[in-house]
Structures are given as C-alpha cells and as structure tokens.
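File shown: final.txt. Contents: compact mmCIF, C-alpha atoms.
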```
# COMPACT_ATOMS: atom_id res chain seq x y z
CA MET A 81 -10.74 -1.48 -26.26
CA LEU A 82 -10.23 -3.71 -29.32
CA ALA A 83 -7.90 -1.17 -30.96
CA TYR A 84 -5.97 -0.92 -27.69
CA ILE A 85 -5.53 -4.72 -27.58
CA VAL A 86 -4.43 -4.85 -31.24
CA ARG A 87 -1.81 -2.16 -30.64
CA ARG A 88 -0.43 -3.99 -27.63
CA LEU A 89 -0.32 -7.31 -29.51
CA PHE A 90 1.56 -5.68 -32.40
CA ASN A 91 4.07 -4.14 -30.00
CA ALA A 92 4.54 -7.51 -28.26
CA ILE A 93 5.29 -9.27 -31.58
CA LEU A 94 7.81 -6.58 -32.55
CA THR A 95 9.48 -6.87 -29.16
CA LEU A 96 9.80 -10.65 -29.50
CA LEU A 97 11.38 -10.25 -32.96
CA VAL A 98 13.93 -7.81 -31.58
CA VAL A 99 14.63 -10.13 -28.65
CA THR A 100 15.21 -13.11 -30.96
CA ALA A 101 17.57 -11.07 -33.15
CA VAL A 102 19.62 -9.72 -30.25
CA THR A 103 19.73 -13.08 -28.46
CA PHE A 104 20.75 -14.94 -31.62
CA ALA A 105 23.51 -12.41 -32.26
CA ILE A 106 24.83 -12.72 -28.71
CA PHE A 107 25.01 -16.51 -28.76
CA PHE A 108 26.12 -17.15 -32.36
CA ALA A 109 27.34 -14.02 -34.16
CA ILE A 110 29.57 -12.63 -31.40
CA PRO A 111 31.30 -15.98 -30.60
CA LYS A 112 31.95 -16.50 -34.31
CA ALA A 113 33.35 -12.97 -34.65
CA THR A 114 35.74 -13.61 -31.76
CA GLY A 115 37.06 -16.82 -33.30
CA SER A 116 35.00 -19.32 -31.28
CA ASP A 117 33.69 -22.16 -33.46
CA PRO A 118 30.24 -23.49 -32.44
CA ALA A 119 31.02 -26.71 -34.34
CA LEU A 120 33.83 -27.46 -31.90
CA LEU A 121 31.46 -26.97 -28.97
CA TYR A 122 28.99 -29.32 -30.62
CA ILE A 123 31.29 -32.18 -31.57
CA GLY A 124 34.33 -31.70 -29.31
CA LYS A 125 37.86 -30.49 -29.97
CA GLN A 126 39.28 -34.00 -30.35
CA SER A 127 37.23 -34.84 -33.46
CA ASP A 128 38.76 -35.06 -36.93
CA PRO A 129 38.42 -32.09 -39.35
CA ALA A 130 36.04 -33.99 -41.64
CA ALA A 131 33.55 -34.56 -38.83
CA ILE A 132 33.78 -30.92 -37.74
CA GLU A 133 33.18 -29.74 -41.31
CA GLY A 134 30.18 -32.08 -41.56
CA ILE A 135 28.68 -30.52 -38.44
CA ARG A 136 29.25 -27.03 -39.83
CA THR A 137 27.38 -28.01 -43.01
CA LYS A 138 24.57 -29.80 -41.19
CA MET A 139 23.94 -27.09 -38.60
CA GLY A 140 24.47 -24.24 -41.09
CA PHE A 141 27.34 -22.63 -39.17
CA ASP A 142 29.08 -21.70 -42.44
CA ASP A 143 26.12 -19.70 -43.74
CA PRO A 144 26.07 -15.89 -43.43
CA ILE A 145 24.64 -14.74 -40.12
CA VAL A 146 21.54 -13.30 -41.80
CA VAL A 147 20.82 -16.67 -43.43
CA GLN A 148 21.37 -18.46 -40.13
CA TYR A 149 18.94 -16.10 -38.38
CA GLY A 150 16.35 -16.60 -41.11
CA LYS A 151 16.59 -20.38 -40.73
CA PHE A 152 16.36 -19.99 -36.97
CA LEU A 153 13.11 -17.99 -37.25
CA LYS A 154 11.74 -20.48 -39.78
CA GLY A 155 12.51 -23.30 -37.36
CA ILE A 156 10.51 -21.60 -34.62
CA VAL A 157 7.51 -21.01 -36.87
CA ALA A 158 7.49 -23.98 -39.29
CA GLY A 159 10.24 -26.39 -38.24
CA ARG A 160 13.63 -27.00 -39.82
CA ASP A 161 15.61 -29.72 -41.62
CA TYR A 162 19.24 -30.34 -40.72
CA ALA A 163 20.94 -32.07 -43.66
CA ASN A 164 24.47 -33.32 -44.32
CA GLY A 165 24.34 -35.29 -47.52
CA ALA A 166 21.93 -38.19 -47.07
CA ASP A 167 21.73 -37.55 -43.33
CA VAL A 168 18.60 -35.44 -42.77
CA ASN A 169 17.03 -34.69 -39.38
CA HIS A 170 13.70 -32.89 -39.17
CA CYS A 171 13.16 -30.68 -36.13
CA PRO A 172 9.44 -29.83 -35.78
CA ALA A 173 8.23 -26.37 -34.82
CA PRO A 174 8.96 -24.68 -32.54
CA CYS A 175 12.53 -25.79 -33.26
CA LEU A 176 15.30 -24.30 -31.13
CA GLY A 177 18.04 -26.55 -32.46
CA TYR A 178 19.90 -29.46 -30.92
CA SER A 179 21.72 -29.59 -27.62
CA PHE A 180 25.51 -29.55 -27.95
CA SER A 181 25.95 -31.90 -24.99
CA THR A 182 23.20 -34.50 -25.56
CA ASP A 183 22.40 -34.08 -29.31
CA GLN A 184 18.70 -33.96 -28.40
CA GLU A 185 16.12 -31.45 -29.59
CA VAL A 186 16.12 -28.43 -27.31
CA THR A 187 12.37 -27.80 -27.28
CA PRO A 188 11.33 -31.19 -25.79
CA LEU A 189 14.09 -30.89 -23.18
CA LEU A 190 12.82 -27.50 -22.07
CA MET A 191 9.18 -28.58 -22.18
CA GLU A 192 10.02 -31.36 -19.72
CA ASP A 193 11.41 -28.80 -17.28
CA LEU A 194 8.76 -26.13 -17.84
CA PRO A 195 6.08 -27.66 -15.52
CA VAL A 196 8.54 -27.52 -12.62
CA THR A 197 9.19 -23.82 -13.14
CA LEU A 198 5.50 -23.07 -13.74
CA SER A 199 4.50 -24.85 -10.52
CA LEU A 200 7.19 -23.06 -8.54
CA ALA A 201 6.49 -19.59 -9.94
CA LEU A 202 2.68 -19.65 -9.88
CA GLY A 203 2.41 -21.14 -6.39
CA ALA A 204 4.89 -18.65 -4.95
CA ALA A 205 3.18 -15.77 -6.78
CA VAL A 206 -0.16 -16.51 -5.13
CA LEU A 207 1.48 -16.56 -1.70
CA TRP A 208 3.56 -13.41 -2.07
CA LEU A 209 0.70 -11.43 -3.62
CA LEU A 210 -1.78 -12.30 -0.86
CA LEU A 211 0.68 -11.97 2.01
CA GLY A 212 2.37 -8.84 0.67
CA ILE A 213 -0.83 -6.91 -0.02
CA ALA A 214 -2.40 -7.98 3.28
CA ALA A 215 0.67 -6.95 5.27
CA GLY A 216 0.87 -3.62 3.45
CA VAL A 217 -2.78 -2.77 4.02
CA ILE A 218 -2.63 -3.67 7.73
CA SER A 219 0.57 -1.66 8.18
CA ALA A 220 -0.96 1.38 6.49
CA LEU A 221 -4.14 1.21 8.57
CA ARG A 222 -2.11 0.86 11.79
CA ARG A 223 0.66 3.25 10.94
CA GLY A 224 3.25 3.63 13.71
CA SER A 225 1.91 0.70 15.73
CA PHE A 226 3.80 -2.39 16.80
CA VAL A 227 2.17 -4.36 13.98
CA ASP A 228 3.37 -1.79 11.45
CA ARG A 229 6.94 -1.82 12.73
CA ALA A 230 7.05 -5.63 12.95
CA ALA A 231 5.71 -6.04 9.41
CA MET A 232 8.14 -3.53 7.91
CA THR A 233 11.07 -5.04 9.83
CA THR A 234 10.16 -8.47 8.46
CA ALA A 235 9.82 -6.96 4.98
CA LEU A 236 13.27 -5.39 5.29
CA ALA A 237 14.72 -8.77 6.26
CA GLY A 238 12.98 -10.42 3.33
CA VAL A 239 14.42 -7.91 0.85
CA SER A 240 17.92 -8.07 2.36
CA LEU A 241 18.42 -11.82 2.81
CA PRO A 242 19.35 -13.78 -0.35
CA VAL A 243 17.37 -16.82 -1.45
CA TYR A 244 20.25 -19.25 -1.00
CA PHE A 245 20.50 -18.23 2.68
CA THR A 246 16.78 -18.33 3.51
CA GLY A 247 16.30 -21.50 1.45
CA LEU A 248 19.08 -23.41 3.21
CA LEU A 249 17.98 -22.09 6.61
CA ALA A 250 14.36 -23.09 5.97
CA SER A 251 15.48 -26.56 4.86
CA ALA A 252 17.62 -26.99 7.98
CA ILE A 253 14.72 -26.01 10.26
CA PHE A 254 11.63 -27.54 8.64
CA VAL A 255 13.17 -30.56 6.91
CA TYR A 256 16.04 -31.76 9.08
CA TRP A 257 15.29 -30.36 12.54
CA LEU A 258 11.49 -30.30 12.91
CA GLU A 259 10.91 -32.84 10.11
CA TRP A 260 7.63 -31.19 9.17
CA LEU A 261 8.28 -31.21 5.42
CA PRO A 262 9.92 -33.78 3.15
CA GLN A 263 13.10 -33.25 1.19
CA GLY A 264 11.67 -34.74 -1.97
CA GLN A 265 11.94 -34.24 -5.69
CA TYR A 266 9.34 -32.61 -7.87
CA VAL A 267 6.25 -34.78 -8.33
CA PRO A 268 3.86 -33.86 -11.18
CA PHE A 269 0.45 -32.67 -10.05
CA THR A 270 -1.27 -35.27 -12.23
CA GLU A 271 0.56 -38.12 -10.48
CA ASN A 272 0.09 -37.13 -6.84
CA PRO A 273 -1.39 -33.71 -5.96
CA ALA A 274 -0.62 -34.11 -2.25
CA GLU A 275 3.09 -34.81 -2.81
CA TRP A 276 3.23 -32.07 -5.44
CA PHE A 277 1.97 -29.60 -2.83
CA THR A 278 4.12 -30.73 0.10
CA ASN A 279 7.32 -30.93 -1.97
CA LEU A 280 6.84 -27.40 -3.31
CA LEU A 281 5.57 -25.76 -0.12
CA LEU A 282 9.01 -24.86 1.24
CA PRO A 283 10.28 -23.37 -2.07
CA TRP A 284 7.02 -21.42 -2.31
CA ILE A 285 7.46 -20.00 1.18
CA THR A 286 11.10 -19.13 0.51
CA LEU A 287 10.28 -17.23 -2.69
CA ALA A 288 7.19 -15.63 -1.17
CA PHE A 289 9.25 -14.33 1.77
CA LEU A 290 11.55 -12.59 -0.69
CA PHE A 291 8.92 -11.08 -2.97
CA ALA A 292 6.17 -10.39 -0.42
CA ALA A 293 8.50 -7.97 1.35
CA THR A 294 8.57 -5.71 -1.72
CA TYR A 295 4.79 -5.86 -2.13
CA ALA A 296 4.18 -5.08 1.54
CA ARG A 297 6.35 -1.96 1.39
CA LEU A 298 4.85 -0.85 -1.93
CA THR A 299 1.26 -1.45 -0.80
CA ARG A 300 1.85 0.40 2.47
CA ALA A 301 3.29 3.44 0.68
CA ASN A 302 0.44 3.55 -1.84
CA MET A 303 -2.21 3.08 0.82
CA LEU A 304 -0.80 5.88 2.99
CA GLU A 305 -0.93 8.18 -0.03
CA THR A 306 -4.46 7.29 -1.12
CA LEU A 307 -5.93 7.32 2.39
CA GLY A 308 -5.24 11.06 2.52
CA GLU A 309 -7.01 11.82 -0.77
CA ASP A 310 -10.20 13.86 -0.87
CA TYR A 311 -12.31 11.13 -2.44
CA VAL A 312 -11.48 8.76 0.45
CA ARG A 313 -12.53 11.36 3.02
CA THR A 314 -15.68 11.99 0.98
CA ALA A 315 -16.49 8.28 0.93
CA ARG A 316 -16.15 8.11 4.70
CA ALA A 317 -18.23 11.26 5.13
CA LYS A 318 -21.02 9.66 3.08
CA GLY A 319 -21.20 6.89 5.68
CA LEU A 320 -19.78 4.04 3.63
CA LYS A 321 -18.52 1.03 5.52
CA GLU A 322 -14.80 1.06 6.27
CA ARG A 323 -14.40 -2.20 4.38
CA THR A 324 -15.86 -0.59 1.25
CA VAL A 325 -13.73 2.53 1.62
CA ILE A 326 -10.54 0.50 1.95
CA GLY A 327 -11.24 -2.20 -0.62
CA LYS A 328 -13.12 -0.34 -3.33
CA HIS A 329 -11.62 3.13 -3.15
CA ALA A 330 -8.25 3.24 -1.40
CA LEU A 331 -6.77 -0.13 -2.38
CA ARG A 332 -7.98 -0.15 -5.98
CA SER A 333 -6.38 3.21 -6.67
CA GLY A 334 -3.04 1.85 -5.51
CA LEU A 335 -3.16 -1.32 -7.59
CA THR A 336 -1.50 0.14 -10.70
CA PRO A 337 2.13 0.01 -9.49
CA ILE A 338 1.49 -3.33 -7.79
CA VAL A 339 0.19 -4.82 -11.05
CA THR A 340 3.28 -3.50 -12.84
CA VAL A 341 5.73 -5.04 -10.39
CA PHE A 342 3.77 -8.30 -10.22
CA GLY A 343 3.79 -8.71 -13.99
CA LEU A 344 7.53 -8.14 -14.23
CA ASP A 345 8.36 -10.38 -11.26
CA LEU A 346 6.16 -13.25 -12.42
CA GLY A 347 7.36 -12.99 -16.02
CA ALA A 348 11.00 -13.08 -14.97
CA LEU A 349 10.41 -15.95 -12.54
CA LEU A 350 8.66 -18.04 -15.20
CA GLY A 351 11.92 -17.96 -17.13
CA GLY A 352 13.59 -19.93 -14.34
CA ALA A 353 14.37 -19.30 -10.68
CA VAL A 354 18.02 -20.31 -10.84
CA LEU A 355 18.95 -19.93 -7.16
CA THR A 356 15.74 -21.42 -5.76
CA GLU A 357 15.76 -24.38 -8.13
CA THR A 358 19.41 -25.03 -7.33
CA VAL A 359 18.95 -24.81 -3.55
CA PHE A 360 15.97 -27.18 -3.54
CA ASN A 361 17.26 -29.39 -6.38
CA LEU A 362 14.28 -28.66 -8.61
CA ARG A 363 15.15 -29.42 -12.22
CA GLY A 364 13.34 -26.55 -13.88
CA LEU A 365 14.37 -24.07 -16.55
CA GLY A 366 16.76 -22.25 -14.20
CA TYR A 367 18.52 -25.46 -13.24
CA GLN A 368 18.72 -26.45 -16.91
CA ALA A 369 20.19 -23.06 -17.83
CA LEU A 370 22.83 -23.30 -15.10
CA THR A 371 23.84 -26.77 -16.30
CA ALA A 372 24.00 -25.56 -19.91
CA ILE A 373 26.24 -22.63 -18.95
CA ARG A 374 28.69 -25.01 -17.30
CA GLN A 375 28.75 -27.17 -20.44
CA ASN A 376 28.81 -24.29 -22.98
CA ASP A 377 25.59 -25.66 -24.44
CA LEU A 378 24.59 -22.61 -26.50
CA PRO A 379 21.25 -23.88 -27.90
CA ILE A 380 19.94 -24.69 -24.40
CA ILE A 381 21.00 -21.28 -23.07
CA LEU A 382 19.46 -19.61 -26.11
CA GLY A 383 16.22 -21.54 -25.66
CA VAL A 384 15.89 -20.68 -21.96
CA THR A 385 16.65 -17.03 -22.72
CA LEU A 386 13.97 -16.86 -25.41
CA ILE A 387 11.39 -18.57 -23.19
CA ALA A 388 12.17 -16.15 -20.36
CA ALA A 389 11.90 -13.19 -22.74
CA ALA A 390 8.59 -14.50 -24.12
CA PHE A 391 7.16 -14.79 -20.61
CA ILE A 392 8.27 -11.26 -19.74
CA VAL A 393 6.74 -9.85 -22.94
CA LEU A 394 3.54 -11.81 -22.28
CA ALA A 395 3.43 -10.55 -18.68
CA ASN A 396 3.82 -6.95 -19.88
CA LEU A 397 1.04 -7.50 -22.41
CA VAL A 398 -1.28 -8.80 -19.69
CA VAL A 399 -0.34 -5.87 -17.45
CA ASP A 400 -1.20 -3.42 -20.25
CA LEU A 401 -4.58 -5.08 -20.75
CA VAL A 402 -5.28 -5.03 -17.01
CA TYR A 403 -4.38 -1.33 -16.98
CA GLY A 404 -6.99 -0.74 -19.65
CA TYR A 405 -9.58 -2.51 -17.52
CA ILE A 406 -8.69 -0.84 -14.22
CA ASP A 407 -8.25 2.69 -15.57
CA PRO A 408 -10.18 3.71 -18.74
CA ARG A 409 -7.84 6.70 -19.12
CA VAL A 410 -5.10 4.28 -20.21
CA ARG A 411 -7.20 3.13 -23.17
CA LEU A 412 -7.86 6.71 -24.20
CA ALA A 413 -4.16 7.55 -23.99
```
As structure tokens, please, write out the structure in this file.
Amino acid sequence: MLAYIVRRLFNAILTLLVVTAVTFAIFFAIPKATGSDPALLYIGKQSDPAAIEGIRTKMGFDDPIVVQYGKFLKGIVAGRDYANGADVNHCPAPCLGYSFSTDQEVTPLLMEDLPVTLSLALGAAVLWLLLGIAAGVISALRRGSFVDRAAMTTALAGVSLPVYFTGLLASAIFVYWLEWLPQGQYVPFTENPAEWFTNLLLPWITLAFLFAATYARLTRANMLETLGEDYVRTARAKGLKERTVIGKHALRSGLTPIVTVFGLDLGALLGGAVLTETVFNLRGLGYQALTAIRQNDLPIILGVTLIAAAFIVLANLVVDLVYGYIDPRVRLA
C-alpha cells in the first residue's frame, strides 16, 4: 500500500508541474507572442514609456519565457523579489504575483475568497451525495414503480435545468415569496454558525439539485446491475438480512464509479462555482475569476486556474487512494 501511495504522489506532483507550465504559457507566453504586452495591462495604456519599461523590468516581462517560468515556480515554493532599482517588493511563498487591477498580492486575495468556495462546495457535496445515492438505491429497489419514475423524472429535470435558472427560481420562491430564507451575504462560520448555515442553505440546495440528479441515475444503474449478480443471490440464499445484502454487498460494489465522479465534481467545484456564486452574490473564487476576466487581470485568472487544477489533482489522488482501500486488486495492478 505504501508503494502504491508513493507512486500516486509522484504522479500528482508531475501533473501539477505540467499544469503550471501549460497554464503559465497560456497566460503569458501566448499573449506575448501575439503582440499583447502584459506591462500595458498592469499599468494602463495611458502611462509614459518610462513607467511601462520600469514595470517590465520589475515584473520580469523582458526575460526569456523559460526564465520567467523558473522565477514563477520559485515564487510558489520560496517566494520572490520584484525589484526595479531601489524599489524592491518581497512576495512571500506561495507567490502568484501581483494583481494588475489592484496591485495587491494575488495569494492573500484568493485566500480571502477560498473559505466562501470551500463552504459552498463541501456543504453542497454532502447534500448531493446523500440525496443522490439514497434516491438511486430506492429507485433500483422499486424498479418500475411510481417512486422510481418520479425520482428519475426529477433527476432528468435536475440534469437539464441550468444553475442560473434554478438558482433564480429558488430565490424568487424561498426568499421573496415565502420569505423562509434570507438574502444575505456570506458570514464566516467562526463569526456566526447559524447565519453561515442559513445564508448558504439555498445555494447548497441549488447545487445539490444539479449534481444529485447525476448520482441518482448512476447509483440506480449500478445497483440494477449488481442486484442481478450471483454473489447477491447467494447472500440472500444464505439468509442474510436485506439491509446487509444491499449495503454491504450490492451498494459497495457499485461505489467505484460513484467515487470517481464525486472526486472530479468536488475537485472542479472547489476551484470556484462561477454561476452559483454569481447568482447568489457569493464572492468566492469563481466570482473573483469572473471579475478578473472582465478586467484582463492575468495573475488573478492564473491563480484561480492553478488552485482549481490543484484541487482536481488532489481529488484524483484521494480517489486513487480510496480505490486502493475499497478494492485490493487496484493496489496489485
């Protein structure tokens, strides 16, 4: 098991290095090759040539792309100094540069928004995992019944309807019409747990409605397949309780694809739920990325992209380790 974990960790580190190289090239090498000057985005087109040249020197935009990438990696690991003559700014690790629009360090800006995205993603993940698996199991056990058809119809609606529609509709019903939930801003859990919960409940439900639909359909399909296997019939013939047959034998065998999808969905969502954060005015990583795109703020976009990629790689690593625990054959392979 230890060798398996080491291999997966090594692969994860290599993947992150490739991601940083590709992302850096997209945001800095390609614009430079097409004639776009990052210094102009940083300081503005109306500035004098001396100021623009000073920014190029300070930010290292005149260095070869390989040198720029090396400094970028060094900034992430050990921090970086930005110098223009006597003007020296130290950016501590992990340094992702300075925002073009606010001239602030990117990492603290993103760390301020990260708790919002974490709260949104983790809370919604718990809901959609529980509701999706429960609906899928019930539908499989009552195949062809009214409950099965109702659950799959609801799942189809959840997959088909976009977040901006369900989010606005849910706000209109539960916030403005019934007035059951507040239309508030994000409140940190450490300040007021009750307001943190009530303000995030509607976004959680909206996201869970979207993702739970996929898990319900996937769980139902896997359960219908495993319920017809010989080992399930043998377990029932031995007189095991139906709860044990379903939970220990049938459901566990169908967890592998569910774990895969859950890891990918959660990893991607931790990088920022752009539509959901925009609909509910939650200033998380997705909202920050959307604002940065409008302002051509390349370091912010780069930082959000790298954080999202890191979460996806981490989620895949966790999924691989869970595979090794659930199915020993994965470790042997």
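Closest approach to Leu176 (chain A) from the set A:Leu362, A:Asn302, A:Phe104, A:Ile218 is made by A:Phe104, with distances taken over all atoms listed in the file.
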Exercise. So what do you get for CA of Thr371 (chain A) versus CA of Leu97 (chain A), distance-wise?
Worked result: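 Distance reported for this atom pair: 26.6 Å.
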Could you give me, as a Markdown table, every region 281-344 of chain A residue with an atom at most 12 Å from region 389-392 of chain A, plus its closest atom pair and distance in Å to one decimal, counting all atoms listed in the file, rows ordered by chain then number?
```
| residue | atom | partner | partner_atom | distance |
| --- | --- | --- | --- | --- |
| A:Thr340 | CA | A:Ile392 | CA | 11.5 |
| A:Val341 | CA | A:Ile392 | CA | 11.5 |
| A:Phe342 | CA | A:Ile392 | CA | 10.9 |
| A:Gly343 | CA | A:Ile392 | CA | 7.7 |
| A:Leu344 | CA | A:Ile392 | CA | 6.4 |
```
Could the residues in this selection be written to a file with C-alpha atoms, as a compact mmCIF listing (two decimals), keeping the file's coordinate frame?
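The new file result02.txt reads:
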```
# COMPACT_ATOMS: atom_id res chain seq x y z
CA THR A 340 3.28 -3.50 -12.84
CA VAL A 341 5.73 -5.04 -10.39
CA PHE A 342 3.77 -8.30 -10.22
CA GLY A 343 3.79 -8.71 -13.99
CA LEU A 344 7.53 -8.14 -14.23
```
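Restricting the calculation to all atoms listed in the file, the smallest distance between Pro268 (chain A) and any of A:Asn376, A:Thr306, A:Asn169, A:Thr197 is found for A:Thr197.
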Exercise. Nearest to Ala204 (chain A) among A:Val99, A:Leu365, A:Leu355, A:Leu281, with distances taken over all atoms listed in the file: which residue is it?
Worked result: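 Among A:Val99, A:Leu365, A:Leu355, A:Leu281, it is A:Leu281 that comes nearest to Ala204 (chain A).
CA of Gly247 (chain A) sits 27.4 Å away from CA of Leu386 (chain A).
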For this session: Excluding region 141-150 of chain A and any residue of its chain fewer than 5 positions from it, enumerate the residues within 12 Å of it, using all atoms listed in the file, and give them as a PyMOL selection string.
Result: chain A and resi 97-98+100-113+116-122+132-136+155-160+162+176-177
I need the residues from that last selection saved to file as a tab-separated table (two decimals), in the coordinates of the input (with C-alpha atoms), if you can.
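Dumped to selection10.tsv:
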```
chain	number	residue	atom	x	y	z
A	97	LEU	CA	11.38	-10.25	-32.96
A	98	VAL	CA	13.93	-7.81	-31.58
A	100	THR	CA	15.21	-13.11	-30.96
A	101	ALA	CA	17.57	-11.07	-33.15
A	102	VAL	CA	19.62	-9.72	-30.25
A	103	THR	CA	19.73	-13.08	-28.46
A	104	PHE	CA	20.75	-14.94	-31.62
A	105	ALA	CA	23.51	-12.41	-32.26
A	106	ILE	CA	24.83	-12.72	-28.71
A	107	PHE	CA	25.01	-16.51	-28.76
A	108	PHE	CA	26.12	-17.15	-32.36
A	109	ALA	CA	27.34	-14.02	-34.16
A	110	ILE	CA	29.57	-12.63	-31.40
A	111	PRO	CA	31.30	-15.98	-30.60
A	112	LYS	CA	31.95	-16.50	-34.31
A	113	ALA	CA	33.35	-12.97	-34.65
A	116	SER	CA	35.00	-19.32	-31.28
A	117	ASP	CA	33.69	-22.16	-33.46
A	118	PRO	CA	30.24	-23.49	-32.44
A	119	ALA	CA	31.02	-26.71	-34.34
A	120	LEU	CA	33.83	-27.46	-31.90
A	121	LEU	CA	31.46	-26.97	-28.97
A	122	TYR	CA	28.99	-29.32	-30.62
A	132	ILE	CA	33.78	-30.92	-37.74
A	133	GLU	CA	33.18	-29.74	-41.31
A	134	GLY	CA	30.18	-32.08	-41.56
A	135	ILE	CA	28.68	-30.52	-38.44
A	136	ARG	CA	29.25	-27.03	-39.83
A	155	GLY	CA	12.51	-23.30	-37.36
A	156	ILE	CA	10.51	-21.60	-34.62
A	157	VAL	CA	7.51	-21.01	-36.87
A	158	ALA	CA	7.49	-23.98	-39.29
A	159	GLY	CA	10.24	-26.39	-38.24
A	160	ARG	CA	13.63	-27.00	-39.82
A	162	TYR	CA	19.24	-30.34	-40.72
A	176	LEU	CA	15.30	-24.30	-31.13
A	177	GLY	CA	18.04	-26.55	-32.46
```
Problem set entry | Residue neighbourhood Glu322 (chain A), 12 Å, all atoms listed in the file, exclusion window fewer than 6 positions, as a list in words |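 Everything that qualifies: Leu221, Leu307, Val312, Arg313, Ala315, Arg316, Lys328, His329, Ala330 and Leu331 of chain A.
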For this session: Check the smallest atom-to-atom distance from each of A:Val196, A:Val384, A:Leu82, A:Ala395 to Phe277 (chain A) using all atoms listed in the file, then report the winner.
Result: A:Val196
For this session: Please measure the separation of CA of Asp167 (chain A) and CA of Gly140 (chain A), giving the value in Å to one decimal.
Result: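 For CA of Asp167 (chain A) relative to CA of Gly140 (chain A), the distance reads 13.8 Å.
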For this session: Select all residues near (10.3, -17.9, -6.7) (cut-off 12 Å, inclusive, file coordinates), counting all atoms listed in the file, and output them as a PyMOL selection string.
Result: chain A and resi 196-209+242-244+247+280-292+345-360+362+364+366
Output C-alpha atoms for every residue in that selection, as a JSON list (two decimals), keeping the file's coordinate frame.
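selection.json was written with the following content:
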```json
[["chain", "number", "residue", "atom", "x", "y", "z"],
["A", 196, "VAL", "CA", 8.54, -27.52, -12.62],
["A", 197, "THR", "CA", 9.19, -23.82, -13.14],
["A", 198, "LEU", "CA", 5.50, -23.07, -13.74],
["A", 199, "SER", "CA", 4.50, -24.85, -10.52],
["A", 200, "LEU", "CA", 7.19, -23.06, -8.54],
["A", 201, "ALA", "CA", 6.49, -19.59, -9.94],
["A", 202, "LEU", "CA", 2.68, -19.65, -9.88],
["A", 203, "GLY", "CA", 2.41, -21.14, -6.39],
["A", 204, "ALA", "CA", 4.89, -18.65, -4.95],
["A", 205, "ALA", "CA", 3.18, -15.77, -6.78],
["A", 206, "VAL", "CA", -0.16, -16.51, -5.13],
["A", 207, "LEU", "CA", 1.48, -16.56, -1.70],
["A", 208, "TRP", "CA", 3.56, -13.41, -2.07],
["A", 209, "LEU", "CA", 0.70, -11.43, -3.62],
["A", 242, "PRO", "CA", 19.35, -13.78, -0.35],
["A", 243, "VAL", "CA", 17.37, -16.82, -1.45],
["A", 244, "TYR", "CA", 20.25, -19.25, -1.00],
["A", 247, "GLY", "CA", 16.30, -21.50, 1.45],
["A", 280, "LEU", "CA", 6.84, -27.40, -3.31],
["A", 281, "LEU", "CA", 5.57, -25.76, -0.12],
["A", 282, "LEU", "CA", 9.01, -24.86, 1.24],
["A", 283, "PRO", "CA", 10.28, -23.37, -2.07],
["A", 284, "TRP", "CA", 7.02, -21.42, -2.31],
["A", 285, "ILE", "CA", 7.46, -20.00, 1.18],
["A", 286, "THR", "CA", 11.10, -19.13, 0.51],
["A", 287, "LEU", "CA", 10.28, -17.23, -2.69],
["A", 288, "ALA", "CA", 7.19, -15.63, -1.17],
["A", 289, "PHE", "CA", 9.25, -14.33, 1.77],
["A", 290, "LEU", "CA", 11.55, -12.59, -0.69],
["A", 291, "PHE", "CA", 8.92, -11.08, -2.97],
["A", 292, "ALA", "CA", 6.17, -10.39, -0.42],
["A", 345, "ASP", "CA", 8.36, -10.38, -11.26],
["A", 346, "LEU", "CA", 6.16, -13.25, -12.42],
["A", 347, "GLY", "CA", 7.36, -12.99, -16.02],
["A", 348, "ALA", "CA", 11.00, -13.08, -14.97],
["A", 349, "LEU", "CA", 10.41, -15.95, -12.54],
["A", 350, "LEU", "CA", 8.66, -18.04, -15.20],
["A", 351, "GLY", "CA", 11.92, -17.96, -17.13],
["A", 352, "GLY", "CA", 13.59, -19.93, -14.34],
["A", 353, "ALA", "CA", 14.37, -19.30, -10.68],
["A", 354, "VAL", "CA", 18.02, -20.31, -10.84],
["A", 355, "LEU", "CA", 18.95, -19.93, -7.16],
["A", 356, "THR", "CA", 15.74, -21.42, -5.76],
["A", 357, "GLU", "CA", 15.76, -24.38, -8.13],
["A", 358, "THR", "CA", 19.41, -25.03, -7.33],
["A", 359, "VAL", "CA", 18.95, -24.81, -3.55],
["A", 360, "PHE", "CA", 15.97, -27.18, -3.54],
["A", 362, "LEU", "CA", 14.28, -28.66, -8.61],
["A", 364, "GLY", "CA", 13.34, -26.55, -13.88],
["A", 366, "GLY", "CA", 16.76, -22.25, -14.20]]
```
For this session: Kindly indicate which residue among A:Phe245, A:Tyr403, A:Tyr266, A:Phe90 lies nearest to Ile338 (chain A), using all atoms listed in the file for the distances.
Result: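 The shortest atom-to-atom distance to Ile338 (chain A) comes from A:Tyr403.
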Quick one: residues within 10 Å of Thr278 (chain A), only C-alpha atoms counted, chain neighbours fewer than 4 positions away excluded, as an mmCIF file with C-alpha atoms, keeping the file's coordinate frame?
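The result, stored in around02.cif:
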```cif
data_model
loop_
_atom_site.group_PDB
_atom_site.id
_atom_site.type_symbol
_atom_site.label_atom_id
_atom_site.label_comp_id
_atom_site.auth_asym_id
_atom_site.auth_seq_id
_atom_site.Cartn_x
_atom_site.Cartn_y
_atom_site.Cartn_z
ATOM 1 C CA TRP A 260 7.630 -31.190 9.170
ATOM 2 C CA LEU A 261 8.280 -31.210 5.420
ATOM 3 C CA PRO A 262 9.920 -33.780 3.150
ATOM 4 C CA GLN A 263 13.100 -33.250 1.190
ATOM 5 C CA GLY A 264 11.670 -34.740 -1.970
ATOM 6 C CA TYR A 266 9.340 -32.610 -7.870
ATOM 7 C CA VAL A 267 6.250 -34.780 -8.330
ATOM 8 C CA PRO A 273 -1.390 -33.710 -5.960
ATOM 9 C CA ALA A 274 -0.620 -34.110 -2.250
ATOM 10 C CA LEU A 282 9.010 -24.860 1.240
ATOM 11 C CA PRO A 283 10.280 -23.370 -2.070
#
```
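Among the candidates A:Ile85, A:Val402, A:Ile93, A:Ala296, the residue lying nearest to Ala230 (chain A) is A:Ala296 (atoms considered: only C-alpha atoms).
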Problem set entry | Expected answer as a PyMOL selection string: all residues with atoms within 10 Å of (18.7, -22.4, -22.7), all atoms listed in the file | chain A and resi 176+179+186-187+189-190+351+365-373+377-388
Mind giving me the axis-aligned box for region 132-144 of chain A with 3 Å on every side, centre plus edges in Å to one decimal, as JSON?
```
{"center_x": 28.9, "center_y": -24.0, "center_z": -40.7, "size_x": 15.8, "size_y": 22.2, "size_z": 12.0}
```
